[in-house]
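Reproduced below: protein-v6.pdb, with PDB, C-alpha atoms and all ligand atoms.
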```
ATOM      1  CA  MET A   1      25.292  16.645  -0.477
ATOM      2  CA  THR A   2      23.852  13.169  -0.657
ATOM      3  CA  ARG A   3      21.432  12.317  -3.348
ATOM      4  CA  LEU A   4      19.350   9.315  -2.491
ATOM      5  CA  LEU A   5      18.485   7.007  -5.247
ATOM      6  CA  THR A   6      15.818   4.412  -5.629
ATOM      7  CA  ARG A   7      15.995   1.821  -8.276
ATOM      8  CA  THR A   8      12.611   2.679  -9.694
ATOM      9  CA  ASN A   9      13.572   6.294 -10.269
ATOM     10  CA  HIS A  10      16.545   5.361 -12.285
ATOM     11  CA  THR A  11      14.838   2.727 -14.333
ATOM     12  CA  ARG A  12      12.381   5.351 -15.395
ATOM     13  CA  LEU A  13      15.206   7.710 -16.318
ATOM     14  CA  SER A  14      16.997   5.166 -18.437
ATOM     15  CA  GLY A  15      13.887   4.498 -20.468
ATOM     16  CA  ALA A  16      11.643   1.505 -20.923
ATOM     17  CA  ARG A  17      13.204  -1.608 -22.300
ATOM     18  CA  VAL A  18      11.787  -3.309 -25.350
ATOM     19  CA  PRO A  19      10.561  -6.785 -24.354
ATOM     20  CA  LEU A  20      11.680  -8.326 -27.631
ATOM     21  CA  VAL A  21      15.241  -7.139 -27.113
ATOM     22  CA  ALA A  22      15.148  -8.504 -23.572
ATOM     23  CA  ALA A  23      14.008 -11.859 -24.896
ATOM     24  CA  ILE A  24      16.819 -11.969 -27.447
ATOM     25  CA  VAL A  25      19.363 -11.037 -24.819
ATOM     26  CA  ALA A  26      18.003 -13.756 -22.542
ATOM     27  CA  ALA A  27      18.291 -16.292 -25.333
ATOM     28  CA  LEU A  28      21.853 -15.237 -26.103
ATOM     29  CA  THR A  29      22.744 -15.455 -22.443
ATOM     30  CA  LEU A  30      21.343 -18.963 -22.250
ATOM     31  CA  SER A  31      23.201 -20.075 -25.322
ATOM     32  CA  ALA A  32      26.438 -18.803 -23.827
ATOM     33  CA  GLY A  33      25.889 -20.950 -20.718
ATOM     34  CA  ALA A  34      23.665 -20.020 -17.830
ATOM     35  CA  GLN A  35      24.742 -17.419 -15.358
ATOM     36  CA  THR A  36      24.768 -18.367 -11.698
ATOM     37  CA  ARG A  37      21.441 -17.680 -10.010
ATOM     38  CA  ILE A  38      21.970 -16.036  -6.634
ATOM     39  CA  GLU A  39      19.219 -16.349  -4.041
ATOM     40  CA  PRO A  40      18.725 -14.268  -0.893
ATOM     41  CA  HIS A  41      19.496 -15.798   2.494
ATOM     42  CA  LYS A  42      17.187 -16.421   5.415
ATOM     43  CA  ASN A  43      16.865 -13.160   7.313
ATOM     44  CA  ARG A  44      15.010 -12.425  10.549
ATOM     45  CA  TYR A  45      15.345  -8.693  10.040
ATOM     46  CA  SER A  46      13.042  -6.613   7.890
ATOM     47  CA  PRO A  47      14.423  -4.643   4.936
ATOM     48  CA  GLN A  48      13.350  -1.524   6.884
ATOM     49  CA  GLN A  49      15.685  -2.579   9.682
ATOM     50  CA  ASP A  50      18.541  -2.824   7.184
ATOM     51  CA  VAL A  51      17.712   0.732   6.133
ATOM     52  CA  GLN A  52      17.528   1.964   9.726
ATOM     53  CA  LEU A  53      20.806   0.321  10.677
ATOM     54  CA  GLY A  54      22.612   1.635   7.629
ATOM     55  CA  ARG A  55      21.222   5.115   8.070
ATOM     56  CA  GLN A  56      22.456   5.342  11.666
ATOM     57  CA  ALA A  57      25.881   4.059  10.745
ATOM     58  CA  ALA A  58      26.107   6.367   7.712
ATOM     59  CA  THR A  59      25.393   9.387   9.891
ATOM     60  CA  GLU A  60      28.230   8.313  12.137
ATOM     61  CA  VAL A  61      30.549   7.814   9.168
ATOM     62  CA  ARG A  62      29.812  11.289   7.849
ATOM     63  CA  GLY A  63      30.372  12.797  11.280
ATOM     64  CA  LYS A  64      33.598  11.000  12.092
ATOM     65  CA  MET A  65      35.395  10.278   8.874
ATOM     66  CA  PRO A  66      36.902  12.946   6.640
ATOM     67  CA  MET A  67      34.560  13.290   3.676
ATOM     68  CA  LEU A  68      35.976  14.516   0.386
ATOM     69  CA  ASP A  69      33.034  16.670  -0.686
ATOM     70  CA  ASP A  70      34.348  17.173  -4.197
ATOM     71  CA  GLU A  71      31.517  17.463  -6.658
ATOM     72  CA  ARG A  72      33.468  16.234  -9.669
ATOM     73  CA  THR A  73      34.576  13.047  -7.934
ATOM     74  CA  GLU A  74      31.233  12.470  -6.289
ATOM     75  CA  SER A  75      29.284  12.809  -9.520
ATOM     76  CA  PHE A  76      31.644  10.273 -11.103
ATOM     77  CA  ILE A  77      30.852   7.575  -8.559
ATOM     78  CA  GLU A  78      27.177   8.538  -8.388
ATOM     79  CA  ALA A  79      26.866   8.017 -12.131
ATOM     80  CA  ILE A  80      28.438   4.573 -11.858
ATOM     81  CA  GLY A  81      26.264   3.759  -8.856
ATOM     82  CA  GLU A  82      23.106   4.757 -10.690
ATOM     83  CA  ARG A  83      23.954   2.561 -13.664
ATOM     84  CA  LEU A  84      24.519  -0.406 -11.357
ATOM     85  CA  VAL A  85      21.450   0.124  -9.172
ATOM     86  CA  ALA A  86      19.243   0.268 -12.279
ATOM     87  CA  GLU A  87      20.307  -3.295 -13.118
ATOM     88  CA  ILE A  88      19.611  -5.027  -9.821
ATOM     89  CA  PRO A  89      17.803  -8.275 -10.698
ATOM     90  CA  ASP A  90      14.061  -8.069 -10.029
ATOM     91  CA  HIS A  91      13.957 -11.040  -7.663
ATOM     92  CA  LEU A  92      16.508  -9.332  -5.395
ATOM     93  CA  ASP A  93      15.186  -5.787  -5.570
ATOM     94  CA  GLN A  94      14.382  -4.131  -2.229
ATOM     95  CA  PRO A  95      12.061  -1.161  -2.817
ATOM     96  CA  ALA A  96      12.746   0.148   0.712
ATOM     97  CA  PHE A  97      16.479   0.549   0.089
ATOM     98  CA  ARG A  98      17.958   3.974  -0.611
ATOM     99  CA  TYR A  99      21.305   3.997  -2.330
ATOM    100  CA  SER A 100      23.877   6.725  -1.933
ATOM    101  CA  PHE A 101      27.522   6.966  -2.992
ATOM    102  CA  GLU A 102      30.079   9.108  -1.207
ATOM    103  CA  VAL A 103      33.840   9.543  -1.104
ATOM    104  CA  VAL A 104      35.919   9.432   2.063
ATOM    105  CA  ASN A 105      39.095  11.494   1.903
ATOM    106  CA  LEU A 106      41.474   8.746   3.020
ATOM    107  CA  LYS A 107      44.550   7.415   1.290
ATOM    108  CA  GLU A 108      44.078   3.717   2.049
ATOM    109  CA  ILE A 109      42.479   1.561  -0.601
ATOM    110  CA  ASN A 110      39.121   0.724   0.885
ATOM    111  CA  ALA A 111      35.387   0.777   0.289
ATOM    112  CA  PHE A 112      32.392  -0.280   2.328
ATOM    113  CA  ALA A 113      28.640  -0.395   2.006
ATOM    114  CA  LEU A 114      26.147  -0.240   4.836
ATOM    115  CA  PRO A 115      22.904  -2.213   5.103
ATOM    116  CA  GLY A 116      20.051  -0.669   3.150
ATOM    117  CA  GLY A 117      22.186   1.237   0.652
ATOM    118  CA  PRO A 118      24.758   3.840   1.769
ATOM    119  CA  MET A 119      28.127   3.202   0.095
ATOM    120  CA  PHE A 120      31.463   4.874   0.796
ATOM    121  CA  LEU A 121      34.603   4.711  -1.328
ATOM    122  CA  HIS A 122      37.959   5.864  -0.079
ATOM    123  CA  ARG A 123      39.699   8.341  -2.324
ATOM    124  CA  GLY A 124      42.655   5.913  -2.326
ATOM    125  CA  MET A 125      40.478   3.315  -4.021
ATOM    126  CA  ILE A 126      39.539   5.703  -6.814
ATOM    127  CA  GLU A 127      43.154   6.774  -7.228
ATOM    128  CA  ALA A 128      44.307   3.154  -7.450
ATOM    129  CA  ALA A 129      41.734   2.160 -10.074
ATOM    130  CA  ARG A 130      43.008   2.257 -13.640
ATOM    131  CA  THR A 131      39.650   2.193 -15.430
ATOM    132  CA  ASP A 132      36.038   3.212 -14.832
ATOM    133  CA  GLY A 133      35.219  -0.485 -14.908
ATOM    134  CA  GLU A 134      37.561  -1.182 -11.990
ATOM    135  CA  VAL A 135      35.738   1.377  -9.852
ATOM    136  CA  ALA A 136      32.432  -0.123 -11.016
ATOM    137  CA  GLY A 137      33.760  -3.558 -10.068
ATOM    138  CA  VAL A 138      34.352  -2.688  -6.421
ATOM    139  CA  MET A 139      31.042  -0.847  -6.273
ATOM    140  CA  ALA A 140      29.145  -3.749  -7.861
ATOM    141  CA  HIS A 141      30.704  -6.130  -5.348
ATOM    142  CA  GLU A 142      29.722  -3.897  -2.419
ATOM    143  CA  LEU A 143      26.255  -3.482  -3.907
ATOM    144  CA  GLY A 144      26.003  -7.280  -4.007
ATOM    145  CA  HIS A 145      26.470  -7.453  -0.222
ATOM    146  CA  VAL A 146      23.792  -4.788   0.256
ATOM    147  CA  ILE A 147      21.203  -6.374  -2.044
ATOM    148  CA  LEU A 148      21.721  -9.828  -0.555
ATOM    149  CA  ARG A 149      21.461  -8.229   2.902
ATOM    150  CA  HIS A 150      24.573 -10.034   4.036
ATOM    151  CA  GLY A 151      24.952  -7.952   7.208
ATOM    152  CA  THR A 152      21.602  -8.881   8.685
ATOM    153  CA  ALA A 153      21.658 -12.355   7.117
ATOM    154  CA  GLN A 154      24.863 -12.994   9.028
ATOM    155  CA  ALA A 155      23.323 -11.619  12.223
ATOM    156  CA  THR A 156      20.367 -13.944  11.670
ATOM    157  CA  LYS A 157      22.705 -16.911  11.875
ATOM    158  CA  GLY A 158      24.183 -15.713  15.138
ATOM    159  CA  GLN A 159      22.905 -14.711  18.514
ATOM    160  CA  LYS A 160      20.132 -12.206  19.067
ATOM    161  CA  PHE A 161      20.878  -8.647  18.115
ATOM    162  CA  GLN A 162      18.949  -5.498  18.765
ATOM    163  CA  VAL A 163      19.229  -3.278  15.748
ATOM    164  CA  GLY A 164      19.453  -0.072  17.758
ATOM    165  CA  ALA A 165      22.195  -1.417  19.980
ATOM    166  CA  ILE A 166      24.464  -2.649  17.260
ATOM    167  CA  ALA A 167      24.704   0.301  14.900
ATOM    168  CA  GLY A 168      27.805   1.833  16.480
ATOM    169  CA  GLN A 169      29.511  -1.494  16.921
ATOM    170  CA  VAL A 170      28.799  -2.478  13.372
ATOM    171  CA  LEU A 171      30.278   0.728  12.131
ATOM    172  CA  GLY A 172      33.639   0.244  13.797
ATOM    173  CA  ALA A 173      33.920  -3.114  12.152
ATOM    174  CA  ILE A 174      32.751  -2.062   8.718
ATOM    175  CA  VAL A 175      35.077   0.852   8.596
ATOM    176  CA  GLY A 176      37.725  -1.338  10.127
ATOM    177  CA  GLY A 177      41.342  -0.743  10.878
ATOM    178  CA  ARG A 178      42.848   2.403  12.294
ATOM    179  CA  ALA A 179      40.182   4.977  11.516
ATOM    180  CA  GLY A 180      37.558   2.425  12.513
ATOM    181  CA  SER A 181      39.106   1.867  15.907
ATOM    182  CA  VAL A 182      38.889   5.584  16.576
ATOM    183  CA  ILE A 183      35.250   5.679  15.560
ATOM    184  CA  SER A 184      34.347   2.694  17.713
ATOM    185  CA  GLN A 185      35.938   4.032  20.882
ATOM    186  CA  GLY A 186      32.520   5.153  22.061
ATOM    187  CA  SER A 187      31.095   1.688  21.581
ATOM    188  CA  GLN A 188      32.649  -1.667  22.311
ATOM    189  CA  VAL A 189      33.727  -3.448  19.174
ATOM    190  CA  GLY A 190      33.293  -7.173  19.210
ATOM    191  CA  LEU A 191      29.879  -7.938  17.909
ATOM    192  CA  GLY A 192      30.659  -5.769  14.946
ATOM    193  CA  VAL A 193      33.732  -7.636  13.887
ATOM    194  CA  TYR A 194      31.687 -10.758  13.684
ATOM    195  CA  PHE A 195      28.822  -8.905  12.074
ATOM    196  CA  MET A 196      30.430  -7.376   9.007
ATOM    197  CA  LYS A 197      33.428  -9.513   8.096
ATOM    198  CA  TYR A 198      32.058 -11.821   5.523
ATOM    199  CA  GLY A 199      32.952 -15.422   4.850
ATOM    200  CA  ARG A 200      33.826 -17.101   1.603
ATOM    201  CA  GLU A 201      30.251 -17.924   0.633
ATOM    202  CA  TYR A 202      29.093 -14.300   0.862
ATOM    203  CA  GLU A 203      32.203 -13.086  -0.935
ATOM    204  CA  ARG A 204      31.629 -15.477  -3.791
ATOM    205  CA  GLU A 205      28.008 -14.360  -4.072
ATOM    206  CA  ALA A 206      28.940 -10.676  -4.067
ATOM    207  CA  ASP A 207      31.536 -11.352  -6.775
ATOM    208  CA  LEU A 208      29.132 -13.221  -9.043
ATOM    209  CA  LEU A 209      26.099 -11.004  -8.504
ATOM    210  CA  GLY A 210      28.335  -7.964  -8.922
ATOM    211  CA  ALA A 211      29.633  -9.392 -12.201
ATOM    212  CA  GLN A 212      26.095  -9.937 -13.472
ATOM    213  CA  ILE A 213      25.028  -6.414 -12.586
ATOM    214  CA  MET A 214      28.144  -4.971 -14.210
ATOM    215  CA  ALA A 215      27.439  -6.739 -17.497
ATOM    216  CA  ARG A 216      23.859  -5.506 -17.537
ATOM    217  CA  ALA A 217      25.093  -1.985 -16.815
ATOM    218  CA  GLY A 218      27.561  -1.995 -19.708
ATOM    219  CA  TYR A 219      30.811  -2.874 -17.911
ATOM    220  CA  ASP A 220      32.960  -5.884 -18.654
ATOM    221  CA  PRO A 221      32.930  -7.855 -15.377
ATOM    222  CA  ARG A 222      36.571  -8.787 -15.948
ATOM    223  CA  HIS A 223      37.347  -5.287 -14.712
ATOM    224  CA  MET A 224      36.192  -6.414 -11.269
ATOM    225  CA  ALA A 225      38.714  -9.234 -11.334
ATOM    226  CA  ASN A 226      41.365  -6.777 -12.515
ATOM    227  CA  MET A 227      40.544  -4.421  -9.674
ATOM    228  CA  PHE A 228      41.066  -7.134  -7.096
ATOM    229  CA  ARG A 229      44.508  -7.725  -8.610
ATOM    230  CA  THR A 230      45.197  -3.992  -8.555
ATOM    231  CA  ILE A 231      44.262  -3.934  -4.862
ATOM    232  CA  GLU A 232      46.540  -6.883  -4.126
ATOM    233  CA  ARG A 233      49.442  -5.293  -5.955
ATOM    234  CA  GLN A 234      49.059  -1.951  -4.231
ATOM    235  CA  GLY A 235      48.617  -3.496  -0.815
ATOM    236  CA  GLY A 236      52.326  -3.863  -0.168
ATOM    237  CA  GLY A 237      53.461  -5.840   2.858
ATOM    238  CA  ARG A 238      50.482  -5.240   5.111
ATOM    239  CA  GLY A 239      47.772  -5.757   2.507
ATOM    240  CA  PRO A 240      44.878  -3.351   2.151
ATOM    241  CA  GLU A 241      42.000  -3.440   4.573
ATOM    242  CA  TRP A 242      39.527  -4.110   1.822
ATOM    243  CA  LEU A 243      41.017  -7.557   1.279
ATOM    244  CA  SER A 244      40.890  -8.462   4.954
ATOM    245  CA  ASP A 245      37.222  -7.462   5.103
ATOM    246  CA  HIS A 246      36.464  -9.244   1.837
ATOM    247  CA  PRO A 247      38.575 -12.409   1.939
ATOM    248  CA  ASN A 248      39.303 -14.218  -1.293
ATOM    249  CA  PRO A 249      36.761 -17.039  -1.596
ATOM    250  CA  GLY A 250      39.346 -19.047  -3.532
ATOM    251  CA  ASN A 251      40.169 -18.759  -7.231
ATOM    252  CA  ARG A 252      38.434 -15.408  -7.150
ATOM    253  CA  TYR A 253      39.880 -14.127 -10.397
ATOM    254  CA  GLU A 254      39.092 -17.323 -12.309
ATOM    255  CA  ALA A 255      35.540 -17.555 -10.907
ATOM    256  CA  ILE A 256      34.717 -13.998 -11.980
ATOM    257  CA  VAL A 257      36.139 -14.549 -15.454
ATOM    258  CA  ARG A 258      34.194 -17.812 -15.772
ATOM    259  CA  GLU A 259      30.976 -15.997 -14.812
ATOM    260  CA  ALA A 260      31.856 -13.201 -17.241
ATOM    261  CA  ASP A 261      32.052 -15.786 -20.029
ATOM    262  CA  THR A 262      28.339 -16.532 -19.495
ATOM    263  CA  LEU A 263      27.333 -12.865 -19.598
ATOM    264  CA  GLU A 264      26.546 -10.491 -22.423
ATOM    265  CA  VAL A 265      27.797  -6.954 -21.779
ATOM    266  CA  ARG A 266      24.827  -4.723 -22.656
ATOM    267  CA  GLY A 267      25.718  -1.467 -24.277
ATOM    268  CA  ARG A 268      28.807   0.400 -23.262
ATOM    269  CA  ALA A 269      29.231   2.409 -20.088
ATOM    270  CA  PRO A 270      31.595   5.419 -20.104
ATOM    271  CA  GLN A 271      35.217   4.219 -20.044
ATOM    272  CA  ASP A 272      37.499   7.199 -19.699
ATOM    273  CA  GLU A 273      35.907   9.382 -17.049
ATOM    274  CA  ILE A 274      38.446   8.170 -14.535
ATOM    275  CA  GLU A 275      41.248  10.069 -16.258
ATOM    276  CA  ARG A 276      39.473  13.348 -15.665
ATOM    277  CA  VAL A 277      38.794  12.383 -12.051
ATOM    278  CA  HIS A 278      42.437  11.438 -11.502
ATOM    279  CA  ALA A 279      43.503  14.803 -12.935
ATOM    280  CA  ARG A 280      41.056  16.537 -10.639
ATOM    281  CA  LEU A 281      42.252  14.659  -7.536
ATOM    282  CA  ALA A 282      45.870  15.390  -8.399
ATOM    283  CA  ARG A 283      45.099  19.096  -8.060
ATOM    284  CA  LEU A 284      43.759  18.693  -4.506
ATOM    285  CA  SER A 285      45.999  18.327  -1.481
ATOM    286  CA  PRO A 286      46.828  14.642  -0.940
ATOM    287  CA  ALA A 287      44.462  12.452   1.074
ATOM    288  CA  PRO A 288      45.573  11.859   4.684
ATOM    289  CA  THR A 289      46.190   8.346   5.958
ATOM    290  CA  SER A 290      43.880   6.809   8.576
ATOM    291  CA  ALA A 291      46.760   6.994  11.044
ATOM    292  CA  GLN A 292      47.084  10.743  10.491
ATOM    293  CA  VAL A 293      43.354  11.237  10.982
ATOM    294  CA  ALA A 294      43.353   9.027  14.093
ATOM    295  CA  ARG A 295      46.241  11.009  15.607
ATOM    296  CA  GLU A 296      44.443  14.248  14.919
ATOM    297  CA  GLN A 297      41.200  12.965  16.483
ATOM    298  CA  GLN A 298      43.148  11.690  19.484
ATOM    299  CA  ARG A 299      44.801  15.060  19.895
ATOM    300  CA  ARG A 300      41.452  16.844  19.835
ATOM    301  CA  GLN A 301      39.874  14.370  22.267
ATOM    302  CA  THR A 302      42.758  14.744  24.717
ATOM    303  CA  GLY A 303      42.454  18.494  24.420
ATOM    304  CA  SER A 304      38.726  18.565  25.190
ATOM    305  CA  ALA A 305      39.121  15.968  27.991
ATOM    306  CA  GLY A 306      41.602  18.317  29.700
ATOM    307  CA  THR A 307      39.071  21.122  29.551
ATOM    308  CA  THR A 308      36.359  18.914  31.057
ATOM    309  CA  ALA A 309      38.676  17.762  33.860
ATOM    310  CA  ARG A 310      39.134  21.340  34.993
ATOM    311  CA  GLY A 311      35.394  21.607  35.240
ATOM    312  CA  SER A 312      35.124  24.378  32.715
ATOM    313  CA  ARG A 313      32.654  24.323  29.907
ATOM    314  CA  SER A 314      33.950  24.008  26.440
ATOM    315  CA  ARG A 315      33.146  27.258  24.692
TER     316      ARG A 315
HETATM  317 ZN    ZN A 401      32.953  -8.551  -0.077
END
```
What would the structure in this file look like if it were written as structure tokens?
Ligand SMILES: [Zn+2]
Amino acid sequence: MTRLLTRTNHTRLSGARVPLVAAIVAALTLSAGAQTRIEPHKNRYSPQQDVQLGRQAATEVRGKMPMLDDERTESFIEAIGERLVAEIPDHLDQPAFRYSFEVVNLKEINAFALPGGPMFLHRGMIEAARTDGEVAGVMAHELGHVILRHGTAQATKGQKFQVGAIAGQVLGAIVGGRAGSVISQGSQVGLGVYFMKYGREYEREADLLGAQIMARAGYDPRHMANMFRTIERQGGGRGPEWLSDHPNPGNRYEAIVREADTLEVRGRAPQDEIERVHARLARLSPAPTSAQVAREQQRRQTGSAGTTARGSRSR
């Protein structure tokens, strides 16, 4: 079950902020050194087109990737997502966007967000994270790409794209790797690879904006930097897909920590929920790898192709 979230809804839920407190916080922030101001890029697409594109791709993700559908785990990431979405800076807010947070039952450490708001975390990412803040870090980074509309901003720089025509191609590239190549068999990958693999500039922006949102939401942004190290460590020889889709803009760890030094962490988000989620996941059967899922999909496709070749109807 996907619960869609708008920023306005959540802001109302979390209560009105006292202007005086906001002013004091702003003053403190200034005195600590100004945070980096991130501006949106030139974009020929409308925010509604981001939403449309992301919605199409999300439907395909849900249909073709193994979803975890575990309420305990899902409510954990939804709660983090809601905290983050509530703190999107006003000048970057997109009222048309609808945010959702879901878990894919795959072992590999990965996460991806689609234009307009749908976000997917692999179970492997949640299992690898050591703190709630590390999960929030990856999510805040992904949210940064969504808010800054990096997918369509990147398309704006390139050749002409028709939104309807690219959804499937985009998906293969966003999801990436082995499971992604299975998904994109129906559509030719190529455009998509270009479309969703971000360069250093976008990565740096997502890091810094993500750090700012984390601090406002009650998470120490240094957890984001820690998570990137956790991902690197767990990557082994091949390196996790997340890092190839989100290349290090250079001195990533140091840049996030430097930004964190300018930020005041407001309040305190829950810190130890992850232990309960880890315990819960440990009771479920282990997540399959993308390769296992791809083999299984291949096997089913071959099976149904044989049926079609004999001219008989399936079912
Ligand atoms: Zn990124």
With distances taken over only C-alpha atoms, which residue among A:Val277, A:Leu4, A:Met125, A:Leu148 lies nearest Arg98 in chain A?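 Ranked by minimum distance to Arg98 in chain A, first place goes to A:Leu4.
This file, queried with the PyMOL selection byres (((not hetatm)) within 9 of (chain A and resi 401)), gives the residues A:Phe112, A:Val138, A:His141, A:Glu142, A:Gly144, A:His145, A:Lys197, A:Tyr198, A:Gly199, A:Arg200, A:Tyr202, A:Glu203, A:Arg204, A:Glu205, A:Ala206, A:Asp207, A:Trp242, A:Leu243, A:Asp245, A:His246, A:Pro247, A:Asn248.
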Need to verify the contact set: range 76-81 of chain A, 10 Å, only C-alpha atoms, exclusion of same-chain residues closer than 6 positions in sequence. Can you return it as a PyMOL selection string? chain A and resi 2-5+99-103+119-121+126+132-133+135-137+139-140+143+214+217+219+269-270+273-274+276-277
Applying the PyMOL selection byres (((chain A and resi 288) around 10) and not hetatm) to the file I just gave you, which residues come out? Please list them as a ChimeraX atom specification. /A:66,105-108,123-124,285-287,289-293
Using only C-alpha atoms, collect all residues at a distance of at most 9 Å from (35.2, 17.1, -10.6) as written in the file, then present them as a list in words. Asp70, Glu71, Arg72, Thr73, Glu74, Ser75, Phe76, Arg276, Val277, Ala279, Arg280 and Leu281 of chain A
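Checking A:Glu82, A:Ile38, A:Gln301, A:Arg229 one by one against Asn251 in chain A, counting only C-alpha atoms, you find the shortest gap at A:Arg229.
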Nearest-residue call for Gln35 in chain A, choices A:Val61, A:Leu263, A:Met227, A:Ala113, using all atoms listed in the file: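 Of A:Val61, A:Leu263, A:Met227, A:Ala113, the one nearest Gln35 in chain A is A:Leu263, counting all atoms listed in the file.
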Just the number, please: distance in Å from CA of Glu296 in chain A to CA of Ala282 in chain A, one decimal.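 Atom-to-atom, CA of Glu296 in chain A to CA of Ala282 in chain A, that is 23.4 Å.
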Residue nearest Lys42 in chain A - candidates A:Ala129, A:Ala153, A:Ile88, A:Ile213, atoms counted: only C-alpha atoms: A:Ala153
Between CA of Gly117 in chain A and CA of Gln49 in chain A, distance in Å (one decimal):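 These two atoms are separated by 11.8 Å.
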Would you mind reading off the distance between CA of Pro115 in chain A and CA of Leu84 in chain A, one decimal, in Å? 16.6 Å
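Among the candidates A:Leu114, A:Arg216, A:Gln94, A:Thr230, the residue lying nearest to Glu60 in chain A is A:Leu114 (atoms considered: only C-alpha atoms).
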In terms of the shortest atom-to-atom distance over only C-alpha atoms, which of A:Gln154, A:Ser244, A:Gln271, A:Gln212 is closest to Thr36 in chain A?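 Residue with the minimum atom-to-atom distance to Thr36 in chain A: A:Gln212.
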